[in-house]
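Trainee: The structure file work_8.txt (compact mmCIF, C-alpha atoms and all ligand atoms) is provided below.
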```
# COMPACT_ATOMS: atom_id res chain seq x y z
CA MET A 5 8.58 11.33 -5.82
CA LYS A 6 7.46 7.78 -5.04
CA ALA A 7 4.28 7.09 -3.05
CA LEU A 8 1.82 4.33 -2.17
CA VAL A 9 -1.40 5.20 -3.98
CA TYR A 10 -4.86 3.76 -3.26
CA LEU A 11 -6.56 2.77 -6.53
CA GLY A 12 -9.92 1.53 -5.18
CA PRO A 13 -10.89 -1.52 -3.06
CA GLN A 14 -8.09 -4.15 -2.93
CA LYS A 15 -5.91 -2.09 -5.31
CA LYS A 16 -2.78 -0.09 -4.54
CA GLU A 17 0.45 0.85 -6.35
CA TRP A 18 3.92 2.14 -5.42
CA THR A 19 4.28 4.75 -8.13
CA ASP A 20 5.43 8.23 -9.18
CA LYS A 21 3.44 11.20 -7.89
CA GLU A 22 4.10 14.90 -8.05
CA LYS A 23 6.04 16.16 -5.03
CA PRO A 24 3.66 18.20 -2.82
CA LYS A 25 3.92 22.01 -2.81
CA ILE A 26 3.01 24.68 -0.28
CA GLU A 27 -0.65 25.50 -0.99
CA LYS A 28 -1.39 27.80 1.96
CA ALA A 29 0.90 30.00 4.07
CA THR A 30 0.22 27.72 7.08
CA ASP A 31 1.51 24.55 5.28
CA ALA A 32 4.81 22.74 5.67
CA ILE A 33 6.39 20.18 3.34
CA VAL A 34 8.03 17.34 5.28
CA LYS A 35 10.44 14.70 3.98
CA ILE A 36 9.22 11.46 5.54
CA THR A 37 12.00 9.48 7.23
CA LYS A 38 9.83 6.87 9.01
CA THR A 39 6.22 5.88 8.47
CA THR A 40 4.04 2.89 9.28
CA ILE A 41 1.08 0.84 8.14
CA CYS A 42 -1.95 1.13 10.46
CA GLY A 43 -4.92 -1.26 10.77
CA THR A 44 -7.06 1.58 9.43
CA ASP A 45 -5.11 1.46 6.13
CA LEU A 46 -6.32 -2.12 5.77
CA HIS A 47 -9.92 -0.96 6.46
CA ILE A 48 -9.48 1.63 3.68
CA LEU A 49 -8.04 -0.95 1.27
CA SER A 50 -10.98 -3.26 1.85
CA GLY A 51 -13.29 -0.41 0.81
CA ASP A 52 -14.73 0.18 4.32
CA VAL A 53 -13.92 3.91 4.25
CA PRO A 54 -15.65 5.24 1.11
CA ALA A 55 -14.50 8.82 1.79
CA VAL A 56 -11.07 7.71 0.58
CA THR A 57 -11.08 7.86 -3.20
CA ALA A 58 -8.81 6.41 -5.89
CA GLY A 59 -5.59 8.37 -6.33
CA ARG A 60 -5.11 9.09 -2.62
CA ILE A 61 -1.66 8.54 -1.05
CA LEU A 62 -2.27 6.47 2.10
CA GLY A 63 -0.67 6.71 5.56
CA HIS A 64 -1.25 8.86 8.64
CA GLU A 65 1.68 8.08 10.93
CA GLY A 66 5.20 9.41 10.52
CA VAL A 67 8.25 11.40 11.48
CA GLY A 68 10.40 13.44 9.14
CA ILE A 69 12.50 16.51 8.39
CA VAL A 70 10.94 19.86 7.49
CA GLU A 71 11.83 20.70 3.88
CA GLU A 72 9.93 23.96 3.39
CA VAL A 73 7.48 26.10 5.36
CA GLY A 74 4.81 28.61 4.31
CA SER A 75 5.15 32.28 5.28
CA ALA A 76 2.71 31.96 8.23
CA VAL A 77 4.49 28.99 9.90
CA ASN A 78 6.27 30.30 13.00
CA ARG A 79 7.27 27.27 15.10
CA PHE A 80 9.22 25.31 12.47
CA LYS A 81 12.00 25.90 9.95
CA PRO A 82 13.64 23.75 7.26
CA GLY A 83 15.85 21.05 8.80
CA ASP A 84 13.73 20.57 11.96
CA ASN A 85 12.98 16.96 12.96
CA VAL A 86 9.23 16.58 13.46
CA LEU A 87 6.60 14.15 14.64
CA LEU A 88 3.37 14.33 12.61
CA SER A 89 -0.05 14.07 14.20
CA CYS A 90 -2.54 11.85 12.33
CA VAL A 91 -5.04 14.72 12.60
CA THR A 92 -4.36 18.26 11.43
CA ALA A 93 -5.81 21.11 13.47
CA CYS A 94 -6.25 24.82 12.76
CA GLY A 95 -5.93 25.54 16.48
CA ARG A 96 -8.58 28.28 16.32
CA CYS A 97 -12.05 26.84 15.60
CA ASP A 98 -14.54 25.94 18.36
CA TYR A 99 -13.57 22.25 18.26
CA CYS A 100 -9.84 22.99 18.39
CA LYS A 101 -10.42 25.29 21.39
CA LYS A 102 -11.98 22.25 23.13
CA GLN A 103 -8.99 20.10 22.00
CA MET A 104 -11.36 18.06 19.80
CA TYR A 105 -8.79 18.29 17.01
CA ALA A 106 -10.24 15.38 15.03
CA HIS A 107 -13.31 17.58 14.46
CA CYS A 108 -11.38 20.69 13.41
CA GLU A 109 -13.57 22.64 11.01
CA ASP A 110 -10.65 22.91 8.54
CA GLY A 111 -8.81 19.67 9.28
CA GLY A 112 -9.33 16.64 11.49
CA TRP A 113 -8.41 13.14 10.41
CA ILE A 114 -7.51 13.98 6.82
CA LEU A 115 -3.94 12.65 6.25
CA GLY A 116 -4.16 9.59 4.00
CA HIS A 117 -7.94 10.01 4.12
CA LEU A 118 -9.15 13.28 2.55
CA ILE A 119 -5.69 14.62 1.58
CA ASP A 120 -2.47 12.79 0.68
CA GLY A 121 -0.74 10.97 3.51
CA THR A 122 2.61 9.81 4.81
CA GLN A 123 3.37 6.61 2.85
CA ALA A 124 5.44 8.71 0.46
CA GLU A 125 8.80 10.45 0.23
CA TYR A 126 7.21 13.83 1.03
CA VAL A 127 3.94 15.02 2.58
CA ARG A 128 2.17 18.38 2.86
CA ILE A 129 1.06 19.18 6.42
CA PRO A 130 -1.69 21.83 6.70
CA TYR A 131 -1.60 24.10 9.79
CA ALA A 132 1.94 22.92 10.50
CA ASP A 133 2.26 24.99 13.71
CA THR A 134 -0.57 23.03 15.38
CA SER A 135 -0.24 19.65 13.61
CA MET A 136 3.41 18.75 14.20
CA TYR A 137 5.73 18.45 17.22
CA HIS A 138 9.46 19.07 17.57
CA ILE A 139 11.46 15.89 18.19
CA PRO A 140 13.90 16.43 21.05
CA ASP A 141 17.57 15.64 20.24
CA GLY A 142 18.56 12.05 20.98
CA SER A 143 14.99 10.70 20.80
CA ASP A 144 14.18 7.16 19.74
CA GLU A 145 12.25 8.05 16.59
CA GLU A 146 10.85 4.53 16.22
CA ALA A 147 9.07 5.04 19.55
CA LEU A 148 7.83 8.49 18.55
CA VAL A 149 6.17 7.28 15.32
CA MET A 150 3.75 5.37 17.57
CA LEU A 151 2.64 8.79 18.89
CA SER A 152 1.14 9.88 15.56
CA ASP A 153 -1.94 7.70 16.09
CA ILE A 154 -1.95 4.35 17.92
CA LEU A 155 -0.61 5.44 21.31
CA PRO A 156 -2.86 8.53 21.74
CA THR A 157 -5.82 6.52 20.38
CA ALA A 158 -5.32 3.75 22.92
CA PHE A 159 -4.68 6.23 25.73
CA GLU A 160 -7.46 8.77 25.05
CA ILE A 161 -10.27 6.51 23.85
CA GLY A 162 -9.35 3.39 25.87
CA VAL A 163 -7.56 4.30 29.08
CA ILE A 164 -8.75 7.86 29.81
CA ASN A 165 -12.35 7.30 28.67
CA GLY A 166 -12.35 4.00 30.62
CA LYS A 167 -11.08 5.88 33.71
CA VAL A 168 -8.52 3.21 34.61
CA GLU A 169 -7.66 3.63 38.32
CA PRO A 170 -5.09 2.11 40.72
CA GLY A 171 -6.28 -1.32 41.86
CA ASN A 172 -8.66 -1.83 38.93
CA VAL A 173 -9.04 -5.07 37.03
CA VAL A 174 -8.88 -4.16 33.34
CA ALA A 175 -9.69 -6.36 30.35
CA ILE A 176 -8.49 -5.41 26.88
CA VAL A 177 -10.20 -7.22 24.01
CA GLY A 178 -7.88 -7.20 20.98
CA ALA A 179 -4.09 -7.47 21.19
CA GLY A 180 -3.33 -5.62 17.96
CA PRO A 181 -1.15 -2.48 17.94
CA VAL A 182 -3.99 -0.41 19.45
CA GLY A 183 -4.90 -2.95 22.16
CA MET A 184 -1.21 -3.36 23.01
CA SER A 185 -0.87 0.44 23.22
CA SER A 186 -3.79 0.41 25.69
CA LEU A 187 -1.89 -2.24 27.64
CA LEU A 188 1.22 -0.01 27.78
CA THR A 189 -0.62 3.18 28.73
CA ALA A 190 -3.07 1.56 31.20
CA GLN A 191 -0.04 0.56 33.30
CA LEU A 192 0.66 4.28 33.91
CA TYR A 193 -2.35 4.11 36.30
CA SER A 194 -1.23 1.03 38.28
CA PRO A 195 -4.25 -1.25 37.79
CA ALA A 196 -4.09 -4.44 39.87
CA GLU A 197 -4.52 -6.67 36.83
CA ILE A 198 -4.75 -6.45 33.06
CA ILE A 199 -6.37 -9.39 31.26
CA MET A 200 -5.58 -9.47 27.54
CA ILE A 201 -8.04 -11.25 25.22
CA ASP A 202 -7.29 -12.27 21.61
CA LEU A 203 -7.49 -15.22 19.20
CA ASP A 204 -3.82 -15.08 18.27
CA GLU A 205 -1.60 -17.03 20.68
CA HIS A 206 1.55 -15.22 19.53
CA ARG A 207 0.01 -11.82 20.29
CA LEU A 208 -1.10 -13.09 23.72
CA GLU A 209 2.48 -14.18 24.44
CA LEU A 210 3.72 -10.73 23.43
CA ALA A 211 1.05 -9.18 25.69
CA LYS A 212 2.53 -11.01 28.68
CA LYS A 213 5.93 -9.58 27.78
CA PHE A 214 4.38 -6.08 27.66
CA GLY A 215 2.84 -6.44 31.15
CA ALA A 216 -0.47 -8.34 30.90
CA SER A 217 -1.07 -10.29 34.11
CA LYS A 218 -3.36 -12.85 32.47
CA THR A 219 -4.42 -13.78 28.94
CA VAL A 220 -7.52 -15.43 27.52
CA ASN A 221 -7.65 -17.01 24.06
CA SER A 222 -11.19 -16.28 22.88
CA SER A 223 -11.08 -19.15 20.36
CA LYS A 224 -10.84 -21.68 23.22
CA GLY A 225 -13.98 -22.39 25.24
CA ASN A 226 -16.42 -19.78 26.51
CA VAL A 227 -14.51 -16.50 26.68
CA ILE A 228 -17.00 -14.80 29.05
CA GLU A 229 -16.95 -17.71 31.53
CA ASN A 230 -13.16 -17.85 31.29
CA VAL A 231 -12.76 -14.14 32.11
CA LEU A 232 -15.27 -14.37 34.97
CA ALA A 233 -13.38 -17.41 36.33
CA LEU A 234 -10.17 -15.32 36.38
CA THR A 235 -11.92 -12.66 38.50
CA ASN A 236 -13.56 -14.96 41.09
CA GLY A 237 -16.84 -14.59 39.21
CA LYS A 238 -16.90 -10.81 39.82
CA GLY A 239 -15.97 -9.39 36.41
CA VAL A 240 -13.74 -6.47 35.50
CA ASP A 241 -13.82 -2.73 36.32
CA VAL A 242 -12.89 -1.61 32.81
CA ALA A 243 -13.30 -3.38 29.46
CA ILE A 244 -11.49 -1.80 26.50
CA GLU A 245 -12.80 -2.88 23.10
CA ALA A 246 -9.90 -2.67 20.59
CA VAL A 247 -11.20 -4.84 17.74
CA GLY A 248 -14.39 -3.41 16.21
CA TYR A 249 -16.66 -6.47 15.83
CA PRO A 250 -20.17 -7.07 17.28
CA VAL A 251 -18.87 -10.21 19.04
CA THR A 252 -16.04 -8.40 20.83
CA PHE A 253 -18.33 -5.51 21.86
CA ASP A 254 -20.66 -8.18 23.25
CA ILE A 255 -17.84 -9.78 25.26
CA CYS A 256 -17.06 -6.38 26.81
CA GLN A 257 -20.69 -5.86 27.89
CA ARG A 258 -20.82 -9.26 29.59
CA ILE A 259 -17.55 -9.24 31.56
CA LEU A 260 -18.10 -5.95 33.43
CA LYS A 261 -18.90 -5.87 37.14
CA PRO A 262 -21.56 -3.44 38.48
CA GLY A 263 -20.31 0.14 38.04
CA GLY A 264 -17.97 -1.04 35.27
CA ARG A 265 -16.87 1.05 32.32
CA LEU A 266 -16.80 -0.07 28.66
CA ALA A 267 -14.43 2.04 26.55
CA ASN A 268 -14.97 1.31 22.87
CA VAL A 269 -11.96 2.07 20.65
CA GLY A 270 -12.65 -0.28 17.72
CA VAL A 271 -14.03 1.11 14.47
CA HIS A 272 -17.24 -0.84 13.80
CA GLY A 273 -18.30 -1.55 10.24
CA LYS A 274 -21.57 -3.17 11.43
CA PRO A 275 -24.15 -2.26 14.12
CA VAL A 276 -23.66 -3.86 17.54
CA GLU A 277 -26.28 -5.15 19.97
CA LEU A 278 -26.64 -2.98 23.05
CA HIS A 279 -27.93 -4.99 26.03
CA LEU A 280 -29.51 -2.09 27.93
CA GLU A 281 -31.95 -4.55 29.54
CA ASP A 282 -28.95 -5.86 31.47
CA LEU A 283 -26.53 -2.90 31.50
CA TRP A 284 -28.82 -0.40 33.28
CA ILE A 285 -29.19 -2.50 36.39
CA ARG A 286 -25.42 -2.98 36.59
CA ASN A 287 -24.74 0.80 36.29
CA VAL A 288 -22.43 0.28 33.32
CA THR A 289 -21.00 3.33 31.51
CA ILE A 290 -20.18 3.12 27.80
CA THR A 291 -17.87 5.57 26.02
CA THR A 292 -16.52 5.77 22.48
CA GLY A 293 -14.78 8.29 20.27
CA LEU A 294 -12.30 9.34 17.64
CA VAL A 295 -8.69 10.09 18.66
CA SER A 296 -7.90 13.79 19.04
CA THR A 297 -4.12 13.47 19.67
CA SER A 298 -4.48 16.17 22.35
CA THR A 299 -2.41 13.90 24.65
CA THR A 300 0.50 13.52 22.22
CA PRO A 301 2.71 16.22 23.86
CA MET A 302 2.21 14.60 27.27
CA LEU A 303 2.84 11.09 25.93
CA LEU A 304 5.97 12.38 24.19
CA LYS A 305 7.42 13.33 27.59
CA THR A 306 6.39 9.97 29.07
CA VAL A 307 8.07 8.08 26.21
CA GLN A 308 11.18 10.30 26.58
CA SER A 309 11.39 9.28 30.25
CA ASP A 310 11.23 5.56 29.26
CA LYS A 311 8.05 4.97 31.35
CA ILE A 312 6.55 3.39 28.24
CA LYS A 313 8.49 1.80 25.40
CA PRO A 314 6.24 1.73 22.33
CA ALA A 315 9.12 0.83 19.95
CA GLU A 316 8.81 -2.69 21.41
CA LEU A 317 5.57 -3.03 19.41
CA ILE A 318 7.59 -3.00 16.16
CA THR A 319 8.13 -6.50 14.76
CA HIS A 320 9.05 -5.73 11.15
CA ARG A 321 11.17 -3.06 9.44
CA PHE A 322 11.28 -2.40 5.66
CA PRO A 323 12.74 0.23 3.33
CA LEU A 324 9.89 2.48 2.13
CA GLN A 325 10.25 1.22 -1.46
CA ASP A 326 9.37 -2.30 -0.22
CA ILE A 327 5.98 -1.10 1.09
CA ILE A 328 3.97 -3.57 -1.02
CA LYS A 329 5.84 -6.45 0.68
CA ALA A 330 5.31 -4.74 4.04
CA TYR A 331 1.52 -4.65 3.39
CA GLU A 332 1.60 -8.39 2.64
CA VAL A 333 3.29 -9.09 5.97
CA PHE A 334 0.97 -6.75 7.93
CA GLY A 335 -2.09 -8.15 6.15
CA ASN A 336 -1.09 -11.71 7.21
CA ALA A 337 -0.21 -10.71 10.76
CA ALA A 338 -0.99 -14.04 12.43
CA LYS A 339 1.02 -16.12 9.94
CA GLU A 340 3.90 -13.61 9.84
CA LYS A 341 3.88 -13.01 13.63
CA ALA A 342 3.61 -9.30 12.84
CA LEU A 343 2.41 -6.57 15.18
CA LYS A 344 3.61 -3.13 14.04
CA VAL A 345 5.40 -2.59 10.73
CA ILE A 346 7.67 0.43 10.19
CA LEU A 347 9.03 1.78 6.90
CA TYR A 348 12.31 3.67 6.54
CA ASN A 349 13.08 6.40 3.99
CA GLU A 350 16.60 7.30 5.09
P1 LIG A 401 -5.78 -5.17 14.51
O1 LIG A 401 -6.71 -5.69 13.46
O2 LIG A 401 -4.31 -5.23 14.27
O3 LIG A 401 -6.06 -5.90 15.90
C1 LIG A 401 -7.27 -6.43 16.26
C2 LIG A 401 -7.01 -7.67 17.10
O4 LIG A 401 -8.28 -8.21 17.45
C3 LIG A 401 -6.22 -8.78 16.39
O5 LIG A 401 -5.10 -9.14 17.17
C4 LIG A 401 -7.24 -9.93 16.28
O6 LIG A 401 -6.64 -11.21 16.42
C5 LIG A 401 -8.17 -9.61 17.46
N1 LIG A 401 -9.49 -10.23 17.35
C6 LIG A 401 -10.26 -10.41 16.25
N2 LIG A 401 -11.39 -11.07 16.57
C7 LIG A 401 -11.34 -11.30 17.90
C8 LIG A 401 -12.19 -11.96 18.83
N3 LIG A 401 -13.35 -12.50 18.44
N4 LIG A 401 -11.81 -12.04 20.12
C9 LIG A 401 -10.64 -11.48 20.52
N5 LIG A 401 -9.78 -10.86 19.70
C10 LIG A 401 -10.13 -10.77 18.40
O7 LIG A 401 -6.27 -3.66 14.76
P2 LIG A 401 -5.53 -2.42 15.49
O8 LIG A 401 -4.71 -1.69 14.48
O9 LIG A 401 -4.93 -2.84 16.77
O10 LIG A 401 -6.82 -1.49 15.76
C11 LIG A 401 -7.85 -1.95 16.63
C12 LIG A 401 -9.13 -1.17 16.35
O11 LIG A 401 -8.97 0.20 16.69
C13 LIG A 401 -9.54 -1.20 14.86
O12 LIG A 401 -10.95 -1.36 14.76
C14 LIG A 401 -9.12 0.20 14.39
O13 LIG A 401 -9.82 0.62 13.23
C15 LIG A 401 -9.48 0.99 15.63
N6 LIG A 401 -8.95 2.36 15.71
C16 LIG A 401 -9.75 3.30 16.30
C17 LIG A 401 -9.34 4.62 16.39
C18 LIG A 401 -10.21 5.65 17.06
O14 LIG A 401 -9.95 6.85 16.90
N7 LIG A 401 -11.24 5.24 17.80
C19 LIG A 401 -8.08 5.01 15.89
C20 LIG A 401 -7.24 4.02 15.33
C21 LIG A 401 -7.69 2.69 15.24
ZN ZN A 402 -4.22 4.67 12.31
ZN ZN A 403 -9.76 23.76 14.11
```
Can the structure from this file be put into structure tokens for me?
Mentor:
Amino acid sequence: MKALVYLGPQKKEWTDKEKPKIEKATDAIVKITKTTICGTDLHILSGDVPAVTAGRILGHEGVGIVEEVGSAVNRFKPGDNVLLSCVTACGRCDYCKKQMYAHCEDGGWILGHLIDGTQAEYVRIPYADTSMYHIPDGSDEEALVMLSDILPTAFEIGVINGKVEPGNVVAIVGAGPVGMSSLLTAQLYSPAEIIMIDLDEHRLELAKKFGASKTVNSSKGNVIENVLALTNGKGVDVAIEAVGYPVTFDICQRILKPGGRLANVGVHGKPVELHLEDLWIRNVTITTGLVSTSTTPMLLKTVQSDKIKPAELITHRFPLQDIIKAYEVFGNAAKEKALKVILYNE
């Protein structure tokens, strides 16, 4: 089969790989029909995630058709349409019992990381019964691919951890696919306002289309003063950090009102400054975390009911064999006006 293989920092190849086989009775082999490129794949390609070694097939988002199941798989059979979770979970260990699937003692975030991933014609899914979901007939599969990772990430680590409430003023720093997914899912809680902050004017325009009430371009003027000016000098109730830089974490700390909540979603490659000398007296709460995908079944129903429309995040579509070109577009997102890129193997 063909697959996108990581060959070390800055190197990748669309090449032949052996088709995966059932290794354990709990495995399934899935023919990928749609997959994506995620910002985290770019982190891996720049060498920021050393656990990923040369030879690994990348990708951790996807939908597909079950090709084969191991003898212990009970919920799925060949021919079923399935949504893959970016984390695989045994369903039995102490972490899985607490729905902390990303910390599963025999799984977690491993697809396209510690085992081969979804940017391929076929993928092996360990613990298939607890790591995949049935796709209801008539579903918009493009929308459902966003449920493998970015939508639950934005919802669990941004919106739920940030405790977005009706009437809140919410700021989201970073209008990438994850920040935009926070924008979509925060609206489920009827905040009074959502202020979207980014450097990319095109993404800020898209954010308005997706429901942002106000936008701030952080490359123009003093971003903190500009956000405070938009809130009558009071600041925001919730600041969601969806970038992963010290500067954006700093912005979040400085725009919160007393009692505010900072929900960090961004993956940080460098240490950040924590201004406890200022945060303690303003009763600020800070949360962070790794997506568990425990909310995926609930989000699946919400997407089915059209309350959120994550397929609108998709700006570019490519056949899977053109994945190298797709990476070029995604890697030059501002120039290409790209947000989410989807790959078809149909
Ligand atoms: P992305 O790179 O596509 O988007 C980041 C956005 O931040 C871009 O639009 C960029 O223009 C903007 N930005 C950069 N510098 C800025 C600044 N100074 N001020 C304002 N905006 C700025 O990334 P993404 O795919 O949307 O992911 C966002 C973050 O979430 C990444 O760090 C990613 O690794 C992380 N992530 C975390 C988890 C988790 O489990 N916690 C899961 C998936 C992704
Ligand atoms: Zn991802
Ligand atoms: Zn487990």
Trainee: Pick out the closest residue to ligand ZN 402 (chain A) from this set: A:Ser135, A:Asn268, A:Ser296, A:Thr219. Count all atoms listed in the file.
Mentor: A:Ser296
Trainee: Using only C-alpha atoms and all ligand atoms, which residues have at least one atom no more than 6 Å from ligand ZN 402 (chain A)? Output them as a list in words.
Mentor: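 So, counting only C-alpha atoms and all ligand atoms, the residues near ligand ZN 402 (chain A) are Cys42, Thr44 and Asp153 of chain A.
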Trainee: Hey, which residues come within 12 Å of ligand ZN 403 (chain A) if we count only C-alpha atoms and all ligand atoms? Could you give them as a list in words?
Mentor: Val91, Thr92, Ala93, Cys94, Gly95, Arg96, Cys97, Asp98, Tyr99, Cys100, Lys101, Lys102, Gln103, Met104, Tyr105, Ala106, His107, Cys108, Glu109, Asp110, Gly111, Gly112, Trp113, Pro130, Tyr131, Thr134, Ser135 and Ser296 of chain A
Trainee: To one decimal place in Å, what is the distance between atom CA of Gly239 of chain A and atom C19 of ligand LIG 401 (chain A)?
Mentor: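 Between atom CA of Gly239 of chain A and atom C19 of ligand LIG 401 (chain A) the gap is 26.3 Å.
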Trainee: Please identify every polymer residue within 8 Å of ligand LIG 401 (chain A), using all atoms listed in the file, and present the set as an MDAnalysis selection string.
Mentor: chainID A and resid 42:44 47 153:154 157:158 161 177:184 201:204 207 221:223 245:249 251:252 268:272 292:296 337:338 343
Trainee: Grab the residues selected above and save them as a PDB file, in the frame of the given file with C-alpha atoms.
Mentor:
```pdb
ATOM      1  CA  CYS A  42      -1.950   1.130  10.460  1.00  0.00           C
ATOM      2  CA  GLY A  43      -4.920  -1.260  10.770  1.00  0.00           C
ATOM      3  CA  THR A  44      -7.060   1.580   9.430  1.00  0.00           C
ATOM      4  CA  HIS A  47      -9.920  -0.960   6.460  1.00  0.00           C
ATOM      5  CA  ASP A 153      -1.940   7.700  16.090  1.00  0.00           C
ATOM      6  CA  ILE A 154      -1.950   4.350  17.920  1.00  0.00           C
ATOM      7  CA  THR A 157      -5.820   6.520  20.380  1.00  0.00           C
ATOM      8  CA  ALA A 158      -5.320   3.750  22.920  1.00  0.00           C
ATOM      9  CA  ILE A 161     -10.270   6.510  23.850  1.00  0.00           C
ATOM     10  CA  VAL A 177     -10.200  -7.220  24.010  1.00  0.00           C
ATOM     11  CA  GLY A 178      -7.880  -7.200  20.980  1.00  0.00           C
ATOM     12  CA  ALA A 179      -4.090  -7.470  21.190  1.00  0.00           C
ATOM     13  CA  GLY A 180      -3.330  -5.620  17.960  1.00  0.00           C
ATOM     14  CA  PRO A 181      -1.150  -2.480  17.940  1.00  0.00           C
ATOM     15  CA  VAL A 182      -3.990  -0.410  19.450  1.00  0.00           C
ATOM     16  CA  GLY A 183      -4.900  -2.950  22.160  1.00  0.00           C
ATOM     17  CA  MET A 184      -1.210  -3.360  23.010  1.00  0.00           C
ATOM     18  CA  ILE A 201      -8.040 -11.250  25.220  1.00  0.00           C
ATOM     19  CA  ASP A 202      -7.290 -12.270  21.610  1.00  0.00           C
ATOM     20  CA  LEU A 203      -7.490 -15.220  19.200  1.00  0.00           C
ATOM     21  CA  ASP A 204      -3.820 -15.080  18.270  1.00  0.00           C
ATOM     22  CA  ARG A 207       0.010 -11.820  20.290  1.00  0.00           C
ATOM     23  CA  ASN A 221      -7.650 -17.010  24.060  1.00  0.00           C
ATOM     24  CA  SER A 222     -11.190 -16.280  22.880  1.00  0.00           C
ATOM     25  CA  SER A 223     -11.080 -19.150  20.360  1.00  0.00           C
ATOM     26  CA  GLU A 245     -12.800  -2.880  23.100  1.00  0.00           C
ATOM     27  CA  ALA A 246      -9.900  -2.670  20.590  1.00  0.00           C
ATOM     28  CA  VAL A 247     -11.200  -4.840  17.740  1.00  0.00           C
ATOM     29  CA  GLY A 248     -14.390  -3.410  16.210  1.00  0.00           C
ATOM     30  CA  TYR A 249     -16.660  -6.470  15.830  1.00  0.00           C
ATOM     31  CA  VAL A 251     -18.870 -10.210  19.040  1.00  0.00           C
ATOM     32  CA  THR A 252     -16.040  -8.400  20.830  1.00  0.00           C
ATOM     33  CA  ASN A 268     -14.970   1.310  22.870  1.00  0.00           C
ATOM     34  CA  VAL A 269     -11.960   2.070  20.650  1.00  0.00           C
ATOM     35  CA  GLY A 270     -12.650  -0.280  17.720  1.00  0.00           C
ATOM     36  CA  VAL A 271     -14.030   1.110  14.470  1.00  0.00           C
ATOM     37  CA  HIS A 272     -17.240  -0.840  13.800  1.00  0.00           C
ATOM     38  CA  THR A 292     -16.520   5.770  22.480  1.00  0.00           C
ATOM     39  CA  GLY A 293     -14.780   8.290  20.270  1.00  0.00           C
ATOM     40  CA  LEU A 294     -12.300   9.340  17.640  1.00  0.00           C
ATOM     41  CA  VAL A 295      -8.690  10.090  18.660  1.00  0.00           C
ATOM     42  CA  SER A 296      -7.900  13.790  19.040  1.00  0.00           C
ATOM     43  CA  ALA A 337      -0.210 -10.710  10.760  1.00  0.00           C
ATOM     44  CA  ALA A 338      -0.990 -14.040  12.430  1.00  0.00           C
ATOM     45  CA  LEU A 343       2.410  -6.570  15.180  1.00  0.00           C
TER      46      LEU A 343
END
```
Trainee: What's the separation between atom CA of Lys218 of chain A and atom CA of Lys313 of chain A, in Å to one decimal place?
Mentor: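 Separating atom CA of Lys218 of chain A from atom CA of Lys313 of chain A is a distance of 20.1 Å.
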Trainee: What does the distance from atom CA of Pro13 of chain A to atom CA of His320 of chain A come to in Å, to one decimal?
Mentor: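 Separation between atom CA of Pro13 of chain A and atom CA of His320 of chain A: 24.8 Å.
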Trainee: Using all atoms listed in the file, pick whichever of A:Val345, A:Leu188, A:Met5, A:Ile228 has the shortest atom-to-atom distance to Lys212 of chain A.
Mentor: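 Distance minimum relative to Lys212 of chain A lands on A:Leu188.
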Trainee: Please return as a short mmCIF file (atom, residue, chain, number, x, y, z; two decimals) with C-alpha atoms, keeping the file's coordinate frame every residue within 10 Å of (4.4, 27.7, 0.9), taking into account all atoms listed in the file and the file's own coordinates.
Mentor:
```cif
data_model
loop_
_atom_site.label_atom_id
_atom_site.label_comp_id
_atom_site.auth_asym_id
_atom_site.auth_seq_id
_atom_site.Cartn_x
_atom_site.Cartn_y
_atom_site.Cartn_z
CA LYS A 25 3.92 22.01 -2.81
CA ILE A 26 3.01 24.68 -0.28
CA GLU A 27 -0.65 25.50 -0.99
CA LYS A 28 -1.39 27.80 1.96
CA ALA A 29 0.90 30.00 4.07
CA THR A 30 0.22 27.72 7.08
CA ASP A 31 1.51 24.55 5.28
CA ALA A 32 4.81 22.74 5.67
CA ILE A 33 6.39 20.18 3.34
CA GLU A 72 9.93 23.96 3.39
CA VAL A 73 7.48 26.10 5.36
CA GLY A 74 4.81 28.61 4.31
CA SER A 75 5.15 32.28 5.28
CA ALA A 76 2.71 31.96 8.23
CA VAL A 77 4.49 28.99 9.90
CA ARG A 128 2.17 18.38 2.86
#
```
Trainee: Counting only C-alpha atoms, which residue out of A:Ser186, A:Ser50, A:Ser298, A:Thr39 sits closest to Lys344 of chain A?
Mentor: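 The closest residue to Lys344 of chain A is A:Thr39.
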Trainee: Looking at only C-alpha atoms, which of A:Ala196, A:Thr19, A:Tyr10, A:Asp45 is the one that sits closest to Phe334 of chain A?
Mentor: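 With only C-alpha atoms as the atom set, the closest residue is A:Asp45.
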Trainee: Quick one: 3 Å padding each side, axis-aligned, all listed atoms of segment 101-117 of chain A - centre and edge lengths in Å to one decimal, as lines of an AutoDock Vina configuration file?
Mentor:
```
center_x = -8.8
center_y = 17.4
center_z = 13.6
size_x = 15.6
size_y = 21.7
size_z = 25.1
```
Trainee: Given the choices A:Val231, A:Val163, A:Leu87, A:Leu347, which gets closest to Asp144 of chain A if the distance is worked out from all atoms listed in the file?
Mentor: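 Using all atoms listed in the file, Asp144 of chain A sits closest to A:Leu87.
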Trainee: Around (3.3, 3.6, 16.7) in the file's own coordinates, what residues are found within 7 Å if you use all atoms listed in the file, given back as a list in words?
Mentor: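 Final list of nearby residues, as requested, is Ala147, Leu148, Val149, Met150, Leu151, Ser152, Asp153, Ile154, Leu155 and Pro314 of chain A.
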Trainee: Which residue, A:Asn230, A:Leu303, A:Lys213, A:Leu115, has the smallest gap to Phe159 of chain A when you use only C-alpha atoms?
Mentor: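 Closest to Phe159 of chain A, using only C-alpha atoms: A:Leu303.
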Trainee: Which residues are close to Met302 of chain A, i.e. within 12 Å by only C-alpha atoms, leaving aside same-chain residues fewer than 5 positions away? Reply as a PyMOL selection string.
Mentor: chain A and resi 137+151+155-156+159-160+189+297+307-309+311
